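> I am sharing query_10.cif, which consists of mmCIF, C-alpha atoms:
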```
data_work
loop_
_atom_site.label_atom_id
_atom_site.label_comp_id
_atom_site.auth_asym_id
_atom_site.auth_seq_id
_atom_site.Cartn_x
_atom_site.Cartn_y
_atom_site.Cartn_z
CA MET F 1 -131.04 -158.30 37.13
CA THR F 2 -129.46 -158.44 33.68
CA GLU F 3 -131.73 -159.02 30.70
CA GLN F 4 -132.34 -162.76 30.38
CA THR F 5 -132.06 -164.53 27.04
CA VAL F 6 -134.74 -166.95 25.87
CA LEU F 7 -134.45 -169.22 22.82
CA ILE F 8 -137.79 -170.14 21.25
CA SER F 9 -137.89 -172.98 18.74
CA GLY F 10 -140.66 -172.45 16.17
CA ALA F 11 -141.95 -169.39 14.31
CA GLY F 12 -145.53 -170.55 13.76
CA VAL F 13 -148.18 -169.17 16.13
CA ALA F 14 -147.02 -169.79 19.71
CA GLY F 15 -143.40 -168.81 18.99
CA PRO F 16 -143.81 -165.21 17.78
CA THR F 17 -146.64 -164.57 20.25
CA LEU F 18 -144.34 -165.63 23.08
CA ALA F 19 -141.43 -163.57 21.70
CA TYR F 20 -143.63 -160.45 21.53
CA TRP F 21 -144.74 -160.71 25.15
CA LEU F 22 -141.38 -161.83 26.54
CA ALA F 23 -139.76 -158.72 25.08
CA ARG F 24 -142.33 -156.60 26.90
CA ALA F 25 -141.64 -158.49 30.12
CA GLY F 26 -137.94 -157.56 30.00
CA PHE F 27 -136.47 -160.65 28.32
CA ARG F 28 -134.35 -160.87 25.17
CA PRO F 29 -136.01 -163.47 22.88
CA THR F 30 -134.48 -165.32 19.93
CA VAL F 31 -136.71 -167.40 17.62
CA VAL F 32 -135.20 -170.20 15.53
CA GLU F 33 -137.25 -171.77 12.72
CA ARG F 34 -136.37 -174.86 10.68
CA ALA F 35 -138.07 -173.54 7.52
CA ALA F 36 -136.21 -171.14 5.24
CA GLY F 37 -138.90 -168.49 5.67
CA LEU F 38 -142.55 -167.95 6.46
CA ARG F 39 -144.66 -170.62 4.83
CA SER F 40 -146.72 -169.55 1.82
CA SER F 41 -149.62 -171.96 2.36
CA GLY F 42 -151.91 -172.73 5.22
CA SER F 43 -155.42 -173.85 5.97
CA PRO F 44 -157.86 -171.62 7.84
CA VAL F 45 -157.60 -171.47 11.62
CA ASP F 46 -159.54 -169.60 14.29
CA VAL F 47 -158.60 -166.84 16.70
CA ARG F 48 -161.30 -166.73 19.34
CA GLY F 49 -161.94 -166.28 23.06
CA PRO F 50 -158.69 -165.82 25.03
CA ALA F 51 -156.62 -165.53 21.84
CA ALA F 52 -158.86 -162.73 20.58
CA ARG F 53 -158.13 -160.85 23.79
CA VAL F 54 -154.39 -161.42 23.30
CA ALA F 55 -154.68 -160.10 19.73
CA ASP F 56 -156.46 -156.99 21.02
CA ARG F 57 -153.65 -156.32 23.49
CA MET F 58 -151.12 -156.71 20.66
CA GLY F 59 -153.04 -154.25 18.49
CA ILE F 60 -153.38 -156.72 15.60
CA THR F 61 -157.13 -157.39 15.54
CA GLY F 62 -157.66 -155.08 12.57
CA LYS F 63 -155.03 -156.93 10.55
CA LEU F 64 -156.58 -160.28 11.46
CA ARG F 65 -159.98 -159.09 10.25
CA GLU F 66 -158.48 -157.82 6.97
CA ALA F 67 -157.04 -161.31 6.37
CA SER F 68 -160.18 -163.18 7.46
CA THR F 69 -162.19 -165.54 5.30
CA ALA F 70 -165.84 -164.93 4.41
CA VAL F 71 -167.23 -168.39 5.23
CA THR F 72 -170.69 -168.34 6.80
CA SER F 73 -172.01 -171.87 6.16
CA LEU F 74 -171.07 -175.52 5.84
CA LYS F 75 -172.92 -177.63 3.27
CA PHE F 76 -172.89 -181.44 3.25
CA VAL F 77 -173.27 -183.18 -0.12
CA ASP F 78 -173.72 -186.73 -1.38
CA ASP F 79 -171.99 -188.64 -4.20
CA ALA F 80 -173.85 -186.60 -6.83
CA GLY F 81 -173.19 -183.26 -5.12
CA ARG F 82 -176.74 -182.90 -3.80
CA ARG F 83 -177.10 -181.13 -0.47
CA THR F 84 -177.85 -183.43 2.46
CA GLY F 85 -177.45 -180.93 5.29
CA ARG F 86 -176.32 -177.42 6.15
CA VAL F 87 -175.16 -175.51 9.22
CA THR F 88 -174.50 -171.84 9.81
CA MET F 89 -170.99 -170.96 10.97
CA GLY F 90 -169.60 -167.98 12.85
CA GLY F 91 -171.40 -165.73 15.25
CA ASP F 92 -169.09 -166.49 18.21
CA GLY F 93 -166.92 -163.42 17.85
CA GLY F 94 -163.92 -165.37 16.54
CA ILE F 95 -161.90 -164.61 13.43
CA GLU F 96 -161.12 -167.29 10.82
CA LEU F 97 -158.09 -166.66 8.60
CA PRO F 98 -155.45 -168.72 6.79
CA ARG F 99 -152.78 -169.96 9.17
CA THR F 100 -150.04 -168.49 7.01
CA ASP F 101 -151.59 -165.03 7.36
CA LEU F 102 -151.89 -165.42 11.12
CA ALA F 103 -148.22 -166.46 11.39
CA ALA F 104 -147.14 -163.54 9.17
CA ILE F 105 -149.06 -161.00 11.26
CA LEU F 106 -147.59 -162.38 14.48
CA HIS F 107 -144.09 -162.40 12.97
CA GLU F 108 -144.45 -158.76 11.95
CA ALA F 109 -145.54 -157.84 15.48
CA ALA F 110 -142.58 -159.66 17.09
CA ARG F 111 -139.69 -158.94 14.74
CA GLU F 112 -138.84 -155.47 16.07
CA ASP F 113 -138.03 -156.84 19.52
CA ALA F 114 -136.83 -160.37 18.79
CA GLU F 115 -133.96 -161.95 16.89
CA ILE F 116 -135.50 -164.34 14.34
CA VAL F 117 -133.31 -166.96 12.66
CA PHE F 118 -134.72 -168.98 9.76
CA HIS F 119 -133.39 -172.17 8.15
CA ASP F 120 -131.83 -173.59 11.31
CA SER F 121 -132.81 -175.95 14.12
CA ILE F 122 -131.67 -177.20 17.51
CA THR F 123 -129.69 -180.45 17.55
CA GLU F 124 -128.46 -180.63 21.17
CA LEU F 125 -129.46 -179.18 24.53
CA HIS F 126 -127.35 -179.32 27.68
CA GLN F 127 -128.60 -177.46 30.74
CA ASP F 128 -127.12 -176.68 34.13
CA ASP F 129 -128.11 -174.45 37.03
CA GLY F 130 -127.09 -171.31 35.16
CA GLY F 131 -128.44 -171.82 31.64
CA VAL F 132 -128.74 -174.01 28.54
CA ASP F 133 -126.00 -174.70 26.01
CA VAL F 134 -127.56 -175.08 22.56
CA THR F 135 -126.05 -176.69 19.47
CA PHE F 136 -127.61 -175.78 16.12
CA GLU F 137 -127.72 -177.60 12.80
CA ARG F 138 -126.13 -174.64 10.99
CA GLY F 139 -125.34 -171.80 13.38
CA ALA F 140 -122.61 -171.60 15.99
CA PRO F 141 -123.34 -172.95 19.49
CA ARG F 142 -124.86 -170.47 21.94
CA ARG F 143 -125.92 -170.27 25.56
CA PHE F 144 -129.33 -169.06 26.75
CA ASP F 145 -130.94 -168.59 30.13
CA LEU F 146 -134.10 -170.45 29.04
CA VAL F 147 -135.26 -172.55 26.07
CA ILE F 148 -138.90 -172.90 24.98
CA GLY F 149 -140.07 -175.51 22.47
CA ALA F 150 -142.90 -174.07 20.40
CA ASP F 151 -142.10 -176.34 17.47
CA GLY F 152 -145.31 -178.26 17.02
CA LEU F 153 -146.60 -181.81 17.22
CA HIS F 154 -143.26 -183.29 16.15
CA SER F 155 -141.25 -181.06 18.52
CA GLY F 156 -137.49 -181.44 18.42
CA VAL F 157 -137.12 -179.68 21.76
CA ARG F 158 -139.54 -182.14 23.38
CA ARG F 159 -137.59 -185.07 21.97
CA LEU F 160 -134.23 -183.70 23.17
CA ALA F 161 -135.36 -182.61 26.64
CA PHE F 162 -138.16 -185.03 27.54
CA GLY F 163 -137.86 -188.20 25.46
CA PRO F 164 -139.02 -189.89 22.23
CA GLU F 165 -142.19 -188.79 20.48
CA HIS F 166 -144.02 -192.09 20.95
CA ALA F 167 -143.99 -191.56 24.74
CA PHE F 168 -146.22 -188.49 24.46
CA VAL F 169 -148.07 -188.49 21.12
CA GLU F 170 -151.28 -190.51 20.84
CA HIS F 171 -152.73 -191.27 17.39
CA MET F 172 -156.47 -190.56 17.48
CA GLY F 173 -157.45 -192.88 14.64
CA VAL F 174 -157.74 -190.15 11.99
CA TYR F 175 -155.46 -188.64 9.35
CA ILE F 176 -155.82 -185.30 7.62
CA ALA F 177 -154.31 -183.99 4.40
CA THR F 178 -154.63 -180.56 2.82
CA LEU F 179 -153.90 -179.33 -0.67
CA PRO F 180 -154.13 -175.77 -2.06
CA LEU F 181 -156.31 -175.37 -5.15
CA ALA F 182 -155.37 -172.84 -7.79
CA GLU F 183 -158.82 -171.76 -8.95
CA PRO F 184 -161.03 -169.21 -7.16
CA PRO F 185 -163.98 -170.66 -5.22
CA ALA F 186 -167.46 -170.67 -6.74
CA ASP F 187 -168.84 -169.27 -3.48
CA ARG F 188 -166.51 -167.58 -0.98
CA THR F 189 -169.06 -167.94 1.81
CA GLU F 190 -169.63 -171.70 1.63
CA LEU F 191 -167.56 -174.63 2.85
CA VAL F 192 -168.60 -177.88 1.15
CA MET F 193 -168.09 -181.34 2.66
CA TYR F 194 -168.58 -184.81 1.21
CA ASN F 195 -168.73 -187.91 3.45
CA SER F 196 -168.75 -191.64 3.02
CA PRO F 197 -168.29 -193.98 5.99
CA GLY F 198 -164.97 -193.29 7.69
CA ARG F 199 -163.83 -190.55 5.33
CA ALA F 200 -164.58 -186.94 4.43
CA VAL F 201 -163.43 -184.41 1.86
CA ALA F 202 -164.02 -180.69 2.28
CA VAL F 203 -163.34 -177.77 -0.05
CA HIS F 204 -162.81 -174.52 1.82
CA PRO F 205 -162.85 -171.25 -0.18
CA SER F 206 -160.15 -169.69 2.03
CA ARG F 207 -159.22 -166.27 0.60
CA GLY F 208 -159.32 -166.23 -3.19
CA HIS F 209 -158.46 -169.87 -3.80
CA GLY F 210 -159.78 -173.15 -2.53
CA ILE F 211 -158.18 -175.62 -0.13
CA ALA F 212 -159.07 -179.30 -0.24
CA ALA F 213 -159.00 -181.17 3.07
CA PHE F 214 -159.06 -184.97 3.25
CA MET F 215 -159.98 -186.53 6.61
CA PHE F 216 -160.13 -190.29 7.01
CA ARG F 217 -160.10 -192.91 9.72
CA GLY F 218 -157.15 -195.26 9.90
CA ALA F 219 -154.95 -197.16 12.32
CA ALA F 220 -151.49 -195.93 13.19
CA VAL F 221 -149.05 -196.64 10.34
CA PRO F 222 -145.83 -198.26 11.61
CA GLY F 223 -142.89 -195.97 10.94
CA PHE F 224 -145.15 -193.14 9.74
CA ASP F 225 -143.12 -190.13 8.57
CA HIS F 226 -144.97 -186.82 8.35
CA ARG F 227 -142.47 -185.65 5.71
CA ASP F 228 -142.80 -188.69 3.36
CA THR F 229 -144.92 -187.32 0.52
CA VAL F 230 -144.74 -190.55 -1.50
CA LEU F 231 -146.27 -192.45 1.42
CA HIS F 232 -148.90 -189.74 1.89
CA LYS F 233 -150.07 -189.93 -1.72
CA ARG F 234 -150.35 -193.70 -1.49
CA MET F 235 -152.34 -193.49 1.74
CA LEU F 236 -154.82 -191.05 0.18
CA ALA F 237 -155.24 -193.15 -2.97
CA GLU F 238 -156.00 -196.24 -0.89
CA ALA F 239 -158.28 -194.47 1.59
CA TYR F 240 -160.46 -192.81 -1.07
CA GLU F 241 -160.71 -195.57 -3.65
CA GLY F 242 -164.25 -195.61 -5.08
CA ALA F 243 -165.31 -192.31 -3.46
CA GLY F 244 -167.78 -190.06 -5.27
CA TRP F 245 -168.41 -186.33 -5.71
CA ARG F 246 -165.23 -184.47 -6.77
CA VAL F 247 -162.90 -186.93 -5.09
CA PRO F 248 -161.45 -188.61 -8.25
CA GLU F 249 -160.59 -185.18 -9.67
CA LEU F 250 -159.02 -184.05 -6.39
CA LEU F 251 -157.00 -187.28 -6.10
CA GLU F 252 -155.57 -186.59 -9.55
CA ARG F 253 -154.36 -183.24 -8.24
CA VAL F 254 -152.87 -185.00 -5.23
CA ARG F 255 -150.83 -187.24 -7.51
CA GLU F 256 -149.36 -184.20 -9.27
CA ALA F 257 -148.91 -182.00 -6.18
CA ASP F 258 -145.64 -180.90 -4.62
CA ASP F 259 -147.26 -179.02 -1.73
CA LEU F 260 -149.38 -181.76 -0.13
CA TYR F 261 -149.55 -181.85 3.67
CA LEU F 262 -150.61 -184.99 5.55
CA ASP F 263 -150.31 -185.92 9.21
CA SER F 264 -151.96 -187.93 11.94
CA VAL F 265 -154.63 -186.33 14.08
CA SER F 266 -152.88 -186.69 17.41
CA ARG F 267 -153.13 -185.77 21.06
CA VAL F 268 -150.06 -184.83 23.09
CA ARG F 269 -150.26 -185.71 26.77
CA MET F 270 -147.44 -185.01 29.21
CA ALA F 271 -147.18 -185.17 32.98
CA ALA F 272 -145.18 -181.91 32.96
CA TRP F 273 -144.37 -179.26 30.36
CA ALA F 274 -141.09 -178.12 31.89
CA SER F 275 -137.79 -179.70 32.82
CA GLY F 276 -135.37 -177.36 34.56
CA ARG F 277 -134.76 -174.37 32.27
CA ILE F 278 -136.55 -175.92 29.28
CA ALA F 279 -140.33 -175.74 28.73
CA LEU F 280 -142.88 -176.40 25.99
CA ALA F 281 -145.68 -174.29 24.50
CA GLY F 282 -148.39 -174.74 21.88
CA ASP F 283 -148.78 -178.10 20.17
CA ALA F 284 -145.40 -179.28 21.48
CA ALA F 285 -146.90 -179.37 24.98
CA SER F 286 -150.54 -180.20 24.43
CA CYS F 287 -151.58 -180.77 20.83
CA VAL F 288 -155.28 -181.47 20.28
CA SER F 289 -154.80 -181.56 16.54
CA LEU F 290 -157.64 -180.76 14.09
CA PHE F 291 -160.57 -180.35 16.48
CA GLY F 292 -159.07 -178.41 19.34
CA ASP F 293 -158.72 -174.68 18.64
CA GLY F 294 -154.96 -175.14 18.24
CA SER F 295 -154.16 -171.56 17.23
CA THR F 296 -156.34 -170.08 19.95
CA LEU F 297 -154.68 -172.29 22.57
CA ALA F 298 -151.21 -171.51 21.20
CA MET F 299 -151.69 -167.74 21.49
CA ALA F 300 -153.37 -167.93 24.89
CA GLY F 301 -150.72 -170.27 26.30
CA ALA F 302 -147.84 -168.17 24.98
CA TYR F 303 -149.31 -165.07 26.62
CA THR F 304 -149.75 -166.88 29.94
CA LEU F 305 -146.19 -168.24 29.82
CA ALA F 306 -144.69 -164.79 29.16
CA GLU F 307 -146.86 -163.24 31.86
CA GLU F 308 -145.75 -165.77 34.48
CA LEU F 309 -142.06 -165.47 33.57
CA GLY F 310 -142.42 -161.71 33.88
CA ARG F 311 -143.88 -162.07 37.38
CA THR F 312 -140.86 -164.02 38.70
CA PRO F 313 -137.98 -163.54 36.24
CA GLY F 314 -135.54 -164.94 38.79
CA ASP F 315 -137.54 -168.12 39.39
CA ALA F 316 -138.37 -169.79 36.07
CA ALA F 317 -139.38 -173.05 37.76
CA ALA F 318 -142.16 -171.32 39.70
CA ALA F 319 -143.26 -169.44 36.58
CA PHE F 320 -143.43 -172.67 34.57
CA ARG F 321 -145.57 -174.32 37.28
CA ARG F 322 -148.04 -171.43 37.35
CA TYR F 323 -148.22 -171.29 33.53
CA GLU F 324 -148.92 -175.00 33.30
CA ALA F 325 -151.56 -175.01 36.02
CA GLU F 326 -153.40 -172.11 34.40
CA HIS F 327 -153.17 -173.21 30.77
CA ARG F 328 -154.23 -176.80 31.44
CA LYS F 329 -157.63 -175.40 32.40
CA LEU F 330 -158.11 -174.47 28.71
CA VAL F 331 -156.38 -177.47 27.16
CA GLU F 332 -157.85 -180.43 29.00
CA PRO F 333 -161.54 -179.91 28.04
CA LYS F 334 -160.47 -179.67 24.39
CA GLN F 335 -158.48 -182.89 24.63
CA ARG F 336 -161.46 -184.73 26.10
CA ASN F 337 -163.69 -183.68 23.18
CA VAL F 338 -161.51 -184.89 20.29
CA SER F 339 -163.34 -188.20 19.80
CA THR F 340 -166.76 -186.55 19.89
CA ALA F 341 -165.76 -184.03 17.23
CA ALA F 342 -164.33 -186.80 15.03
CA ALA F 343 -167.59 -188.74 15.27
CA LEU F 344 -169.53 -185.67 14.07
CA LEU F 345 -167.30 -184.76 11.14
CA ILE F 346 -166.22 -188.26 10.06
CA PRO F 347 -168.99 -190.74 10.95
CA ALA F 348 -167.73 -194.32 10.74
CA THR F 349 -170.99 -195.87 9.41
CA ARG F 350 -173.81 -195.05 7.02
CA GLY F 351 -176.18 -194.92 9.98
CA GLY F 352 -173.90 -192.42 11.65
CA LEU F 353 -173.86 -190.33 8.48
CA ALA F 354 -177.65 -190.32 8.26
CA ALA F 355 -177.97 -189.30 11.90
CA ARG F 356 -175.38 -186.56 11.50
CA ASN F 357 -177.07 -185.13 8.42
CA PHE F 358 -180.43 -185.23 10.15
CA GLY F 359 -179.07 -183.35 13.12
CA THR F 360 -177.01 -180.68 11.38
CA ARG F 361 -178.61 -177.96 13.45
CA LEU F 362 -177.20 -179.31 16.68
CA LEU F 363 -174.82 -176.89 18.38
CA PRO F 364 -171.97 -179.41 18.96
CA LEU F 365 -171.63 -179.85 15.20
CA VAL F 366 -171.42 -176.11 14.63
CA SER F 367 -168.54 -175.96 17.08
CA ALA F 368 -166.77 -178.94 15.49
CA ALA F 369 -167.33 -177.74 11.93
CA ARG F 370 -165.28 -174.60 12.55
CA ARG F 371 -162.22 -176.73 13.12
CA LEU F 372 -161.83 -178.41 9.73
CA ALA F 373 -158.25 -177.24 9.23
CA PRO F 374 -155.36 -178.99 10.99
CA ALA F 375 -154.19 -177.26 14.16
CA ARG F 376 -150.70 -176.62 12.96
CA ALA F 377 -150.52 -173.96 15.60
CA ALA F 378 -147.17 -174.14 16.97
#
```
Can the structure from this file be put into structure tokens for me?

Amino acid sequence: MTEQTVLISGAGVAGPTLAYWLARAGFRPTVVERAAGLRSSGSPVDVRGPAARVADRMGITGKLREASTAVTSLKFVDDAGRRTGRVTMGGDGGIELPRTDLAAILHEAAREDAEIVFHDSITELHQDDGGVDVTFERGAPRRFDLVIGADGLHSGVRRLAFGPEHAFVEHMGVYIATLPLAEPPADRTELVMYNSPGRAVAVHPSRGHGIAAFMFRGAAVPGFDHRDTVLHKRMLAEAYEGAGWRVPELLERVREADDLYLDSVSRVRMAAWASGRIALAGDAASCVSLFGDGSTLAMAGAYTLAEELGRTPGDAAAAFRRYEAEHRKLVEPKQRNVSTAAALLIPATRGGLAARNFGTRLLPLVSAARRLAPARAA
């Protein structure tokens, strides 16, 4: 059988992981990424469990550890900055590192065996029994044997092949925003979080500079655009009016920022992740944004997808069915736990805050606390 071509949309976490393993399974992968290059910012994410095993097989565990953060504890503070609770983090064998570093390490591992095209995106998909004709925003049209959407929560491939976003994306009642901070952290080992009812602000030391994360409860905003920075700044100003601790200072930085990220905490649910010769991976298929080990699931799912395609390269439909059946075993428990994790990190009432602070040694909180950064995994 001639070498099959596979187009992967998205060069975040799932995309380059999939490209790496597809090349080793005898396919010829191409990765297309809307951004002009690798992103230079990113909140910390985790590589643990099945993803740690994938990283070992790729020979990149040493690089992940070199890029890891040094956070060992989470401290809760009140309006005046006094400690109200503390939990110890880590100890589960996982590696926490900035998402941008994870993506760069995966890109480096994949680039020798994959064509990677930046600053372009898919605008049309037309499939038949023999392949998929792809139209690009900038590049010339091309034909591929298979197309995989690994392009995140707001997947263009999902929209083109399966239907509009609102049919699959469920707002979970929470928004998150992140903003890089220029100054070095006071303590590289400590993550600090401030809560008031329905809202939280955390400062993560990351690696050498801080990252502020704003998490707040709110209903779905009609016509919400995840790229509308003006809207995002207004939402933050309204949500955090009257908040204490460092929040007024951080909101001033938000007003001046040009690198603010804000999006809905959302859950993607689909009856099937494949349609003919087109399939989805990572957040595009099963986002469990913020609380769901997004990067771990993205790497594990990409590995499973490549493995199944390698088993039956002449029968993609069967490979897609096996991949989906296997990977849903990891995804579905995470999706069921989103509301519980939100209640722990962002209590809606003062009573809930008091109970949370009193019970900061409970194991469920330790698990949830490690997922403060958005799961921009795809």
> Quick one: everything within 8 Å of range 111-118 of chain F, counting only C-alpha atoms, minus sequence neighbours fewer than 2 positions away in the same chain. Send it as a list of chain:residue names.
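Contacts, with the query itself left out: F:Ala19, F:Tyr20, F:Ala23, F:Arg28, F:Pro29, F:Thr30, F:Val31, F:Val32, F:Glu33, F:Arg34, F:Ala35, F:Ala36, F:Gly37, F:His107, F:Glu108, F:Ala109, F:Asp120.
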> Report as a list in words the residues that result from applying the PyMOL selection byres ((chain F and resi 178) around 8) to the structure here.
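That expression, the PyMOL selection byres ((chain F and resi 178) around 8), corresponds here to Ser43, Ile176, Ala177, Leu179, Pro180, Ile211, Ala212, Ala213, Phe214, Leu260, Tyr261 and Leu262 of chain F.
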> For Leu22 in chain F, which of F:Val230, F:Gly49, F:Gly208, F:Leu146 is the closest residue, counting all atoms listed in the file?
F:Leu146
> Just to confirm, what's the straight-line distance from CA of Gln335 in chain F to CA of Gly351 in chain F in Å (one decimal)?
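Value for the CA of Gln335 in chain F-CA of Gly351 in chain F distance: 25.9 Å.
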> Pick the closest to Ala274 in chain F from F:Val147, F:Met235, F:Leu97, F:Ala348: which is it, counting all atoms listed in the file?
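With all atoms listed in the file as the atom set, the closest residue is F:Val147.
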> Output the residue selection produced by the PyMOL selection byres ((chain F and resi 21) around 9) on the file above, formatted as a VMD selection string.
chain F and resid 16 to 20 22 to 27 58 110 302 to 303 305 to 307
> Mind dumping the selected residues with C-alpha atoms as a PDB file, in the frame of the given file?

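Generated output (result28.pdb):
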```pdb
ATOM      1  CA  PRO F  16    -143.810-165.210  17.780  1.00  0.00           C
ATOM      2  CA  THR F  17    -146.640-164.570  20.250  1.00  0.00           C
ATOM      3  CA  LEU F  18    -144.340-165.630  23.080  1.00  0.00           C
ATOM      4  CA  ALA F  19    -141.430-163.570  21.700  1.00  0.00           C
ATOM      5  CA  TYR F  20    -143.630-160.450  21.530  1.00  0.00           C
ATOM      6  CA  LEU F  22    -141.380-161.830  26.540  1.00  0.00           C
ATOM      7  CA  ALA F  23    -139.760-158.720  25.080  1.00  0.00           C
ATOM      8  CA  ARG F  24    -142.330-156.600  26.900  1.00  0.00           C
ATOM      9  CA  ALA F  25    -141.640-158.490  30.120  1.00  0.00           C
ATOM     10  CA  GLY F  26    -137.940-157.560  30.000  1.00  0.00           C
ATOM     11  CA  PHE F  27    -136.470-160.650  28.320  1.00  0.00           C
ATOM     12  CA  MET F  58    -151.120-156.710  20.660  1.00  0.00           C
ATOM     13  CA  ALA F 110    -142.580-159.660  17.090  1.00  0.00           C
ATOM     14  CA  ALA F 302    -147.840-168.170  24.980  1.00  0.00           C
ATOM     15  CA  TYR F 303    -149.310-165.070  26.620  1.00  0.00           C
ATOM     16  CA  LEU F 305    -146.190-168.240  29.820  1.00  0.00           C
ATOM     17  CA  ALA F 306    -144.690-164.790  29.160  1.00  0.00           C
ATOM     18  CA  GLU F 307    -146.860-163.240  31.860  1.00  0.00           C
TER      19      GLU F 307
END
```
> Hey, can you check how far CA of Phe168 in chain F sits from CA of Ala285 in chain F?
9.2 Å
> Pick the closest to Gln4 in chain F from F:Leu344, F:Leu309, F:Ala150, F:Val268: which is it, counting all atoms listed in the file?
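Distance minimum relative to Gln4 in chain F lands on F:Leu309.
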